[in-house]
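What's in upload22.cif: mmCIF, C-alpha atoms
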```cif
data_input
loop_
_atom_site.label_atom_id
_atom_site.label_comp_id
_atom_site.auth_asym_id
_atom_site.auth_seq_id
_atom_site.Cartn_x
_atom_site.Cartn_y
_atom_site.Cartn_z
CA MET N 1 0.34 -1.56 -15.72
CA GLU N 2 -0.24 0.14 -12.36
CA GLU N 3 -3.83 0.97 -13.22
CA GLN N 4 -4.42 -2.52 -14.57
CA ARG N 5 -3.21 -4.06 -11.34
CA GLY N 6 -5.58 -1.77 -9.50
CA GLY N 7 -8.51 -3.56 -11.07
CA GLY N 8 -9.54 -1.21 -13.89
CA PRO N 9 -8.65 -0.39 -17.47
CA SER N 10 -5.67 1.73 -18.23
CA HIS N 11 -7.40 3.85 -20.87
CA GLY N 12 -10.39 6.14 -21.29
CA TRP N 13 -11.82 8.77 -19.01
CA ARG N 14 -11.34 6.81 -15.80
CA HIS N 15 -7.55 6.64 -15.92
CA GLY N 16 -6.68 9.73 -17.89
CA PRO N 17 -7.32 11.16 -21.35
CA ALA N 18 -4.77 9.04 -23.19
CA TRP N 19 -6.99 8.82 -26.25
CA TRP N 20 -5.90 12.18 -27.64
CA ASP N 21 -2.24 11.36 -27.08
CA LEU N 22 -1.70 13.60 -24.05
CA PRO N 23 1.32 12.60 -21.90
CA ASP N 24 0.99 12.84 -18.12
CA ASP N 25 3.96 15.09 -17.38
CA PRO N 26 3.75 18.68 -18.73
CA GLU N 27 7.45 18.62 -19.62
CA ALA N 28 7.04 15.35 -21.49
CA ARG N 29 3.94 16.75 -23.13
CA ARG N 30 5.90 19.68 -24.57
CA ALA N 31 8.83 17.53 -25.64
CA ARG N 32 6.78 14.82 -27.32
CA LEU N 33 5.15 15.40 -30.71
CA PRO N 34 1.81 13.57 -31.06
CA TRP N 35 2.53 12.04 -34.45
CA ARG N 36 -0.03 9.26 -34.38
CA SER N 37 -3.07 11.27 -33.34
CA THR N 38 -2.18 14.11 -35.73
CA ALA N 39 -1.77 11.68 -38.62
CA LEU N 40 -5.14 10.09 -37.84
CA VAL N 41 -6.90 13.45 -37.63
CA THR N 42 -5.28 14.67 -40.86
CA ALA N 43 -6.21 11.51 -42.75
CA PHE N 44 -9.77 11.64 -41.44
CA VAL N 45 -10.15 15.31 -42.41
CA LEU N 46 -8.80 14.77 -45.95
CA VAL N 47 -10.71 11.56 -46.69
CA GLY N 48 -13.87 12.64 -44.89
CA SER N 49 -13.99 15.93 -46.77
CA VAL N 50 -13.99 14.03 -50.08
CA PHE N 51 -17.02 12.00 -49.01
CA ALA N 52 -18.75 15.07 -47.50
CA ALA N 53 -18.33 16.99 -50.78
CA ARG N 54 -20.42 14.43 -52.69
CA GLY N 55 -23.62 15.54 -51.03
CA GLN N 56 -22.94 19.28 -51.33
CA SER N 57 -23.19 20.06 -55.04
CA ASP N 58 -23.98 23.71 -54.27
CA ARG N 59 -20.51 24.23 -52.74
CA VAL N 60 -17.17 24.73 -54.48
CA PRO N 61 -15.59 21.35 -55.41
CA LEU N 62 -12.44 20.34 -53.59
CA ASP N 63 -9.31 21.44 -55.42
CA GLY N 64 -5.65 21.99 -54.65
CA PRO N 65 -6.11 25.14 -52.52
CA ALA N 66 -8.87 23.37 -50.55
CA ARG N 67 -6.56 20.49 -49.68
CA VAL N 68 -3.83 22.96 -48.70
CA LEU N 69 -6.27 24.64 -46.29
CA LEU N 70 -7.30 21.28 -44.88
CA LEU N 71 -3.65 20.44 -44.26
CA ALA N 72 -3.11 23.90 -42.77
CA ALA N 73 -5.94 23.19 -40.31
CA SER N 74 -4.70 19.70 -39.38
CA VAL N 75 -0.89 19.54 -39.55
CA PRO N 76 -0.30 22.29 -36.91
CA LEU N 77 -1.93 19.95 -34.37
CA LEU N 78 1.48 18.29 -34.25
CA TRP N 79 2.64 21.21 -32.04
CA ARG N 80 -0.54 21.61 -29.96
CA HIS N 81 1.27 20.55 -26.76
CA ARG N 82 4.16 22.98 -27.23
CA HIS N 83 2.27 25.99 -28.62
CA PRO N 84 -1.43 25.45 -27.84
CA VAL N 85 -2.48 29.10 -28.24
CA ALA N 86 -0.89 29.55 -31.66
CA VAL N 87 -2.21 26.19 -32.86
CA VAL N 88 -5.83 26.78 -31.84
CA HIS N 89 -5.87 30.22 -33.48
CA GLY N 90 -4.12 28.94 -36.61
CA THR N 91 -6.47 25.96 -36.93
CA ALA N 92 -9.54 28.17 -36.50
CA ALA N 93 -8.20 30.67 -39.08
CA ALA N 94 -7.54 27.92 -41.64
CA ALA N 95 -11.01 26.46 -41.09
CA LEU N 96 -12.61 29.91 -41.49
CA ALA N 97 -10.70 30.52 -44.74
CA TYR N 98 -11.79 27.09 -46.02
CA LEU N 99 -15.45 27.85 -45.32
CA ALA N 100 -15.25 31.44 -46.59
CA LEU N 101 -14.02 30.19 -49.97
CA GLY N 102 -17.16 28.10 -50.32
CA TYR N 103 -15.70 24.64 -49.87
CA PRO N 104 -17.96 21.87 -48.47
CA TYR N 105 -18.74 21.60 -44.82
CA GLY N 106 -17.19 18.54 -43.24
CA PRO N 107 -14.51 17.14 -40.94
CA VAL N 108 -12.47 20.35 -40.94
CA PHE N 109 -14.32 21.14 -37.72
CA LEU N 110 -12.64 18.12 -36.10
CA ALA N 111 -9.24 19.79 -36.40
CA VAL N 112 -10.63 22.88 -34.66
CA ALA N 113 -12.11 20.72 -31.90
CA VAL N 114 -8.81 18.91 -31.26
CA GLY N 115 -6.91 22.21 -31.19
CA CYS N 116 -9.48 23.60 -28.75
CA PHE N 117 -9.14 20.51 -26.52
CA GLY N 118 -5.36 20.90 -26.45
CA ALA N 119 -5.52 24.59 -25.51
CA VAL N 120 -8.14 24.15 -22.76
CA VAL N 121 -6.39 21.16 -21.17
CA ALA N 122 -3.10 23.06 -21.28
CA GLY N 123 -4.75 25.84 -19.26
CA HIS N 124 -5.33 28.37 -22.06
CA ARG N 125 -9.11 28.46 -21.76
CA ARG N 126 -9.52 32.09 -22.79
CA ALA N 127 -7.46 31.58 -25.94
CA ALA N 128 -9.52 28.52 -26.91
CA TRP N 129 -12.84 30.27 -26.34
CA THR N 130 -11.62 33.31 -28.25
CA ALA N 131 -10.49 31.22 -31.23
CA ILE N 132 -13.74 29.32 -31.65
CA GLY N 133 -15.72 32.49 -30.93
CA LEU N 134 -13.90 34.27 -33.75
CA LEU N 135 -14.53 31.27 -36.00
CA TRP N 136 -18.25 31.45 -35.30
CA ALA N 137 -18.35 35.25 -35.70
CA GLY N 138 -16.44 34.98 -39.00
CA HIS N 139 -18.85 32.34 -40.24
CA VAL N 140 -21.84 34.55 -39.33
CA LEU N 141 -20.25 37.46 -41.16
CA VAL N 142 -19.68 35.38 -44.28
CA ALA N 143 -23.09 33.72 -44.19
CA LEU N 144 -25.07 36.91 -43.66
CA TRP N 145 -23.10 39.55 -45.59
CA LEU N 146 -19.87 38.61 -47.35
CA TYR N 147 -21.43 35.74 -49.30
CA HIS N 148 -22.28 38.29 -52.06
CA TRP N 149 -18.60 38.65 -52.94
CA LEU N 150 -17.33 35.17 -52.06
CA PRO N 151 -17.67 31.84 -53.89
CA PRO N 152 -19.65 29.89 -54.81
CA THR N 153 -21.41 32.00 -57.42
CA GLY N 154 -25.08 32.49 -56.75
CA ASP N 155 -24.78 31.54 -53.09
CA ARG N 156 -27.61 32.63 -50.84
CA GLY N 157 -27.35 33.81 -47.27
CA ALA N 158 -27.67 31.31 -44.47
CA GLY N 159 -30.85 31.04 -42.49
CA LEU N 160 -31.32 31.33 -38.77
CA GLY N 161 -31.51 27.56 -38.37
CA GLN N 162 -28.09 27.04 -39.93
CA GLU N 163 -26.49 29.61 -37.65
CA ILE N 164 -28.12 27.98 -34.63
CA VAL N 165 -26.59 24.67 -35.68
CA VAL N 166 -23.15 26.26 -36.03
CA ALA N 167 -23.52 28.03 -32.66
CA THR N 168 -24.58 24.74 -31.05
CA TRP N 169 -21.51 23.04 -32.50
CA VAL N 170 -19.25 25.79 -31.11
CA LEU N 171 -20.80 25.49 -27.66
CA ALA N 172 -20.53 21.71 -27.77
CA VAL N 173 -16.83 21.88 -28.60
CA ALA N 174 -16.23 24.36 -25.79
CA ALA N 175 -18.24 22.28 -23.31
CA LEU N 176 -16.45 19.04 -24.24
CA SER N 177 -13.11 20.81 -23.91
CA GLU N 178 -14.01 22.03 -20.42
CA LEU N 179 -15.20 18.54 -19.51
CA ALA N 180 -11.92 17.10 -20.74
CA ARG N 181 -10.01 19.61 -18.62
CA LEU N 182 -12.03 18.84 -15.49
CA ARG N 183 -11.73 15.10 -15.97
CA ARG N 184 -8.01 15.33 -16.52
CA GLU N 185 -7.50 17.50 -13.44
CA GLN N 186 -9.53 14.98 -11.44
CA TRP N 187 -7.45 12.13 -12.83
CA VAL N 188 -4.21 13.94 -11.99
CA ARG N 189 -5.42 14.53 -8.42
CA GLU N 190 -6.46 10.91 -8.03
CA ARG N 191 -3.13 9.73 -9.36
CA ALA N 192 -1.27 12.05 -6.96
CA ASP N 193 -3.44 10.78 -4.09
CA ARG N 194 -2.69 7.16 -5.02
CA ALA N 195 1.04 7.91 -5.19
CA ALA N 196 0.92 9.70 -1.81
CA ALA N 197 -1.03 6.80 -0.29
CA ALA N 198 1.51 4.32 -1.66
CA ARG N 199 4.38 6.36 -0.19
CA ARG N 200 2.55 6.58 3.12
CA ARG N 201 1.98 2.82 3.20
CA ALA N 202 5.65 2.24 2.38
CA ASP N 203 6.72 4.59 5.18
CA GLU N 204 4.37 2.92 7.64
CA GLU N 205 5.65 -0.52 6.66
CA ARG N 206 9.26 0.67 6.98
CA LEU N 207 8.55 2.05 10.47
CA ARG N 208 6.73 -1.15 11.44
CA ILE N 209 9.67 -3.31 10.39
CA ALA N 210 12.10 -0.97 12.14
CA ARG N 211 10.07 -1.26 15.35
CA GLU N 212 9.90 -5.04 15.08
CA LEU N 213 13.64 -5.38 14.52
CA HIS N 214 14.44 -2.95 17.33
CA ASP N 215 12.17 -4.71 19.82
CA VAL N 216 13.41 -8.19 18.92
CA LEU N 217 17.10 -7.32 18.86
CA ALA N 218 17.12 -4.97 21.86
CA HIS N 219 15.46 -7.54 24.10
CA SER N 220 17.46 -10.55 22.94
CA ILE N 221 20.82 -8.76 22.88
CA SER N 222 20.18 -7.39 26.38
CA VAL N 223 19.60 -10.93 27.64
CA ILE N 224 22.68 -12.17 25.78
CA ASN N 225 24.80 -9.33 27.15
CA VAL N 226 23.80 -10.02 30.77
CA GLN N 227 24.31 -13.76 30.41
CA ALA N 228 27.65 -13.31 28.63
CA SER N 229 28.89 -11.08 31.45
CA MET N 230 27.71 -13.61 34.02
CA GLY N 231 29.31 -16.49 32.13
CA LEU N 232 32.65 -14.73 31.90
CA ALA N 233 32.58 -13.90 35.62
CA LEU N 234 31.74 -17.49 36.63
CA LEU N 235 33.78 -19.33 34.02
CA ASP N 236 36.52 -20.34 36.48
CA SER N 237 34.69 -20.33 39.82
CA ASP N 238 31.40 -21.97 38.81
CA PRO N 239 31.60 -23.75 35.42
CA GLU N 240 28.07 -25.17 35.74
CA GLN N 241 26.56 -21.70 36.19
CA ALA N 242 28.64 -20.47 33.27
CA ARG N 243 27.30 -23.38 31.20
CA SER N 244 23.75 -22.37 32.13
CA ALA N 245 24.46 -18.80 31.01
CA LEU N 246 25.75 -20.05 27.66
CA THR N 247 22.63 -22.21 27.25
CA THR N 248 20.48 -19.13 27.84
CA ILE N 249 22.54 -17.20 25.28
CA LYS N 250 22.01 -19.97 22.75
CA ALA N 251 18.23 -20.02 23.32
CA ALA N 252 17.91 -16.23 23.19
CA SER N 253 19.96 -15.94 20.01
CA LYS N 254 17.98 -18.73 18.35
CA GLU N 255 14.70 -17.04 19.19
CA ALA N 256 15.99 -13.68 17.96
CA LEU N 257 17.16 -15.20 14.67
CA GLY N 258 13.75 -16.81 14.17
CA GLU N 259 11.88 -13.55 14.70
CA VAL N 260 14.30 -11.60 12.51
CA ARG N 261 13.81 -14.16 9.73
CA GLN N 262 10.06 -13.75 10.06
CA VAL N 263 10.33 -9.96 9.76
CA LEU N 264 12.72 -10.15 6.81
CA GLY N 265 10.47 -12.73 5.15
CA THR N 266 7.78 -10.08 4.78
CA LEU N 267 10.28 -7.99 2.81
CA ARG N 268 11.22 -10.81 0.45
CA ALA N 269 7.61 -11.84 -0.22
CA PRO N 270 5.31 -8.86 0.39
CA GLY N 271 1.70 -9.87 0.93
CA ALA N 272 2.56 -13.49 1.77
CA ALA N 273 1.15 -14.98 4.93
CA PRO N 274 3.69 -15.24 7.78
CA ARG N 275 5.00 -18.71 8.49
CA ALA N 276 4.66 -18.30 12.24
CA PRO N 277 1.98 -16.48 14.25
CA ALA N 278 2.83 -13.04 15.56
CA PRO N 279 3.81 -13.02 19.24
CA GLY N 280 1.22 -11.95 21.79
CA LEU N 281 0.51 -11.84 25.51
CA ASP N 282 0.08 -15.62 25.52
CA ARG N 283 3.90 -15.67 25.56
CA LEU N 284 4.01 -13.76 28.85
CA PRO N 285 5.46 -16.74 30.82
CA GLU N 286 8.23 -17.06 28.24
CA LEU N 287 8.96 -13.33 28.51
CA VAL N 288 9.08 -13.53 32.31
CA GLN N 289 11.46 -16.49 32.06
CA GLN N 290 13.77 -14.59 29.70
CA ALA N 291 13.79 -11.60 32.06
CA ALA N 292 14.64 -13.94 34.96
CA ALA N 293 17.54 -15.32 32.93
CA ALA N 294 18.80 -11.73 32.65
CA GLY N 295 18.62 -11.35 36.43
CA LEU N 296 15.26 -9.52 36.59
CA THR N 297 12.41 -10.80 38.74
CA VAL N 298 9.02 -9.97 37.21
CA GLU N 299 5.88 -9.93 39.34
CA THR N 300 2.59 -9.98 37.45
CA GLU N 301 -0.83 -8.87 38.65
CA GLY N 302 -4.04 -9.53 36.77
CA GLU N 303 -4.71 -11.68 33.73
CA PRO N 304 -4.11 -10.35 30.22
CA PRO N 305 -7.41 -10.30 28.27
CA ARG N 306 -7.90 -11.83 24.83
CA LEU N 307 -7.09 -9.14 22.27
CA PRO N 308 -7.28 -8.81 18.49
CA PRO N 309 -3.98 -9.72 16.81
CA GLY N 310 -2.85 -6.12 16.27
CA ALA N 311 -3.49 -5.03 19.85
CA ASP N 312 -2.06 -8.30 21.19
CA LEU N 313 1.20 -7.81 19.28
CA ALA N 314 1.47 -4.16 20.36
CA ALA N 315 0.90 -5.03 24.03
CA PHE N 316 3.51 -7.80 23.88
CA ARG N 317 6.12 -5.57 22.23
CA ILE N 318 5.47 -2.71 24.65
CA LEU N 319 5.87 -5.05 27.62
CA GLN N 320 8.98 -6.60 26.07
CA GLU N 321 10.57 -3.19 25.46
CA ALA N 322 9.69 -1.94 28.95
CA LEU N 323 11.29 -4.98 30.62
CA THR N 324 14.34 -4.63 28.33
CA ASN N 325 14.71 -1.02 29.47
CA VAL N 326 14.58 -2.13 33.12
CA VAL N 327 17.37 -4.63 32.46
CA ARG N 328 19.50 -2.09 30.58
CA HIS N 329 18.87 1.17 32.40
CA SER N 330 17.67 0.45 35.92
CA GLY N 331 19.58 -0.67 38.98
CA SER N 332 16.50 -2.51 40.20
CA ARG N 333 16.33 -6.26 39.77
CA HIS N 334 12.59 -6.34 40.34
CA ALA N 335 9.73 -5.22 38.08
CA ARG N 336 5.97 -5.28 38.50
CA VAL N 337 3.56 -5.79 35.62
CA ARG N 338 -0.12 -5.04 36.13
CA PHE N 339 -2.94 -5.77 33.69
CA GLY N 340 -6.18 -3.83 33.98
CA TYR N 341 -9.19 -3.97 31.70
CA GLY N 342 -12.24 -1.73 31.51
CA ASP N 343 -14.24 0.56 29.23
CA GLY N 344 -13.00 -1.33 26.19
CA ALA N 345 -9.33 -0.60 26.91
CA LEU N 346 -6.35 -2.53 28.25
CA ARG N 347 -4.26 -0.70 30.86
CA LEU N 348 -0.77 -2.17 30.98
CA ARG N 349 1.55 -0.79 33.70
CA ILE N 350 5.21 -1.69 34.22
CA ASP N 351 7.04 -0.36 37.32
CA ASP N 352 10.55 -0.72 38.63
CA ASP N 353 12.10 0.73 41.77
CA GLY N 354 15.28 2.08 40.23
CA PRO N 355 17.63 3.77 40.72
CA ALA N 356 18.69 4.62 37.18
CA THR N 357 22.08 3.42 36.03
CA GLY N 358 22.46 5.90 33.11
CA ALA N 359 21.34 9.25 31.82
CA ASP N 360 18.70 7.62 29.64
CA ALA N 361 16.98 5.73 32.42
CA GLY N 362 13.84 4.08 31.24
CA GLY N 363 15.01 4.34 27.67
CA SER N 364 14.66 7.69 25.95
CA GLY N 365 15.58 6.75 22.41
CA ASN N 366 14.05 4.45 19.84
CA GLY N 367 12.46 2.19 22.44
CA LEU N 368 10.02 4.72 23.87
CA ALA N 369 9.42 6.21 20.44
CA GLY N 370 8.54 2.76 19.11
CA MET N 371 6.18 2.11 22.01
CA ARG N 372 4.39 5.42 21.41
CA GLU N 373 4.10 4.69 17.68
CA ARG N 374 2.61 1.26 18.36
CA ALA N 375 0.06 2.68 20.79
CA ALA N 376 -0.82 5.63 18.53
CA ALA N 377 -1.38 3.32 15.56
CA LEU N 378 -4.19 1.64 17.55
CA GLY N 379 -5.58 4.88 18.98
CA GLY N 380 -3.94 4.34 22.37
CA THR N 381 -1.47 6.27 24.50
CA ILE N 382 1.83 5.73 26.32
CA GLU N 383 2.91 7.55 29.45
CA ALA N 384 6.50 6.97 30.57
CA GLY N 385 8.60 8.73 33.16
CA PRO N 386 10.12 8.68 36.66
CA ARG N 387 7.81 7.96 39.59
CA PRO N 388 7.55 10.45 42.47
CA ASP N 389 8.83 7.82 44.92
CA GLY N 390 11.72 6.78 42.66
CA GLY N 391 11.97 4.23 39.92
CA PHE N 392 10.31 4.38 36.53
CA ARG N 393 6.81 3.69 35.20
CA VAL N 394 5.43 2.88 31.77
CA LEU N 395 1.64 3.05 31.41
CA ALA N 396 0.07 1.91 28.14
CA VAL N 397 -3.63 2.33 27.38
CA LEU N 398 -4.68 0.32 24.33
CA PRO N 399 -8.20 -0.03 22.88
CA SER N 400 -9.05 -3.72 23.01
CA ASP N 401 -12.35 -3.72 21.13
CA LEU N 402 -10.86 -3.17 17.67
CA ARG N 403 -12.00 -5.29 14.77
CA GLU N 404 -9.41 -7.77 13.58
CA ASP N 405 -9.16 -6.15 10.16
CA GLN N 406 -7.97 -2.94 11.81
#
```
With the file now loaded, output its structure as structure tokens.
Amino acid sequence: MEEQRGGGPSHGWRHGPAWWDLPDDPEARRARLPWRSTALVTAFVLVGSVFAARGQSDRVPLDGPARVLLLAASVPLLWRHRHPVAVVHGTAAAALAYLALGYPYGPVFLAVAVGCFGAVVAGHRRAAWTAIGLLWAGHVLVALWLYHWLPPTGDRGAGLGQEIVVATWVLAVAALSELARLRREQWVRERADRAAAARRRADEERLRIARELHDVLAHSISVINVQASMGLALLDSDPEQARSALTTIKAASKEALGEVRQVLGTLRAPGAAPRAPAPGLDRLPELVQQAAAAGLTVETEGEPPRLPPGADLAAFRILQEALTNVVRHSGSRHARVRFGYGDGALRLRIDDDGPATGADAGGSGNGLAGMRERAAALGGTIEAGPRPDGGFRVLAVLPSDLREDQ
């Protein structure tokens, strides 16, 4: 099903050699007996040999011992995944005995080919080559010398042309076995690469959602915390100001719930289009107003340029997180935001005058890590740290000439 969803068939050479009943996992391959393919090969060898014998009146007719040898060459294929070396040698020996006794040429070679495939794909290349090499050498010995003492009576030695045909068949089987091995190894690598890519995409999506939730909740909860503290302090002395703080709390919580629903909606319906556009720098006035409600005055310099959606969202979240860190970790009630643009990059700088109100001034946990991840995902950088004259600075450099599909 996974390969079918990927746009291609789930059988054949492209998606793995399933046609000879070879499971993907080596452990499953050893535990599972290939009943169906072995039954098909055995039936084809038995029935095909009957038809092949009709055109070979100079060979020994098929009898009971011949059918026993045909079964001996085919039935062991049932264990070719568990004991590939023994099976390929046993199949080749049974086929050589069948030919040495003068029985008709025919599909018995198919059993040898399947046994050779199984051994080569399992990694026993030398054993497979040795088995079919011994089969060819034994056939040459019978055809050129031992035919005097072996049936059928009056048999003549084989010519050079016949031995070339047999040698060509041996080389063809070996070459096809090697091709099967190479194709299967390629398929296994491609499948492992697809699985790794899927895990990587899942990890990236998990980190993206974690960043979104952190940025949304950290900013909104910081505003709610400041306003709740203000409302409690002014509840008795200034009820109107307390009411205004509660109104701000209501607005901030409503906005946070909306953005959280949007993020969680992508989890419930992966691949679906979002119901609301992603936030960007066009919401800068709203962000400044929220910061003012939390007691932080934000001074802006420069105009934010028009950015592709990915860069626009990253710039907005970085600015939002930086202002949240000022509210939470700085004693300053004033922040400066400067937009600069040049050489295909946006330079976003956020400064506050401090002093720090905690050991993690500026935010040293998930906030800064999330900002760096956002910038790195676009090929940008984040510099954050104390300023020489006091306070804290966050400098983000984001490429702004990205294509929208990136």
Hits from the PyMOL selection byres ((chain N and resi 336-352) around 6), listed as a list in words: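 With the shown file as input, the PyMOL selection byres ((chain N and resi 336-352) around 6) matches Val298, Glu299, Thr300, Glu301, Gly302, Pro304, Ala335, Asp353, Gly354, Gly391, Phe392, Arg393, Val394, Leu395, Ala396, Val397, Leu398, Pro399, Ser400 and Asp401 of chain N.
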Chain and number of each residue from the PyMOL selection byres ((chain N and resi 244) around 12), as a ChimeraX atom specification: /N:227-228,230-232,234-235,238-243,245-251,293-294
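Of note, atom CA of N:Ala52 and atom CA of N:His139 are spaced 18.7 Å apart.
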Selection under test: the PyMOL selection byres ((chain N and resi 100-110) around 10); residues as number ranges by chain: N: 41-42, 44-63, 65-66, 69-71, 73-74, 91-92, 94-99, 111-116, 138-139, 141-143, 146-147, 150-153, 155, 169-170, 173
Residue among N:Ser237, N:Glu205, N:Asn225, N:Val121 lying closest to N:Leu176, counting only C-alpha atoms: N:Val121
Contacts of N:Ala376 within 12 Å, all atoms listed in the file, excl. fewer than 3 positions in-chain, as a VMD selection string: chain N and resid 311 314 369 to 373 379 to 383 396 to 399
Keeping only C-alpha atoms, write those residues as a JSON list (two decimals), in the frame of the given file.
```json
[["chain", "number", "residue", "atom", "x", "y", "z"],
["N", 311, "ALA", "CA", -3.49, -5.03, 19.85],
["N", 314, "ALA", "CA", 1.47, -4.16, 20.36],
["N", 369, "ALA", "CA", 9.42, 6.21, 20.44],
["N", 370, "GLY", "CA", 8.54, 2.76, 19.11],
["N", 371, "MET", "CA", 6.18, 2.11, 22.01],
["N", 372, "ARG", "CA", 4.39, 5.42, 21.41],
["N", 373, "GLU", "CA", 4.10, 4.69, 17.68],
["N", 379, "GLY", "CA", -5.58, 4.88, 18.98],
["N", 380, "GLY", "CA", -3.94, 4.34, 22.37],
["N", 381, "THR", "CA", -1.47, 6.27, 24.50],
["N", 382, "ILE", "CA", 1.83, 5.73, 26.32],
["N", 383, "GLU", "CA", 2.91, 7.55, 29.45],
["N", 396, "ALA", "CA", 0.07, 1.91, 28.14],
["N", 397, "VAL", "CA", -3.63, 2.33, 27.38],
["N", 398, "LEU", "CA", -4.68, 0.32, 24.33],
["N", 399, "PRO", "CA", -8.20, -0.03, 22.88]]
```
Nearest candidate to N:Gln290 (options N:Arg194, N:Gly123, N:Ile224, N:Arg206; using all atoms listed in the file):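 Going through N:Arg194, N:Gly123, N:Ile224, N:Arg206 one by one, the smallest distance to N:Gln290 is for N:Ile224.
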Interatomic distance, atom CA of N:Arg36 to atom CA of N:Arg82 (Å, one decimal):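 Computed distance, atom CA of N:Arg36 to atom CA of N:Arg82, equals 16.0 Å.
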d(atom CA of N:His214, atom CA of N:Ala291) in Å: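 Answer for the atom CA of N:His214 to atom CA of N:Ala291 separation: 17.1 Å.
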Residue with smallest distance to N:Arg317 - pool N:Ala356, N:Leu213, N:Val260, N:Val75, counting only C-alpha atoms: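 The closest residue to N:Arg317 is N:Leu213.
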Using all atoms listed in the file: which of N:Ala377, N:Ile209, N:Leu182, N:Leu323 has the shortest distance to N:Gln289: N:Leu323
Selected residue of minimal separation from N:Ala167 among N:Leu281, N:Leu78, N:Ala375, N:Val140, counting only C-alpha atoms: N:Val140
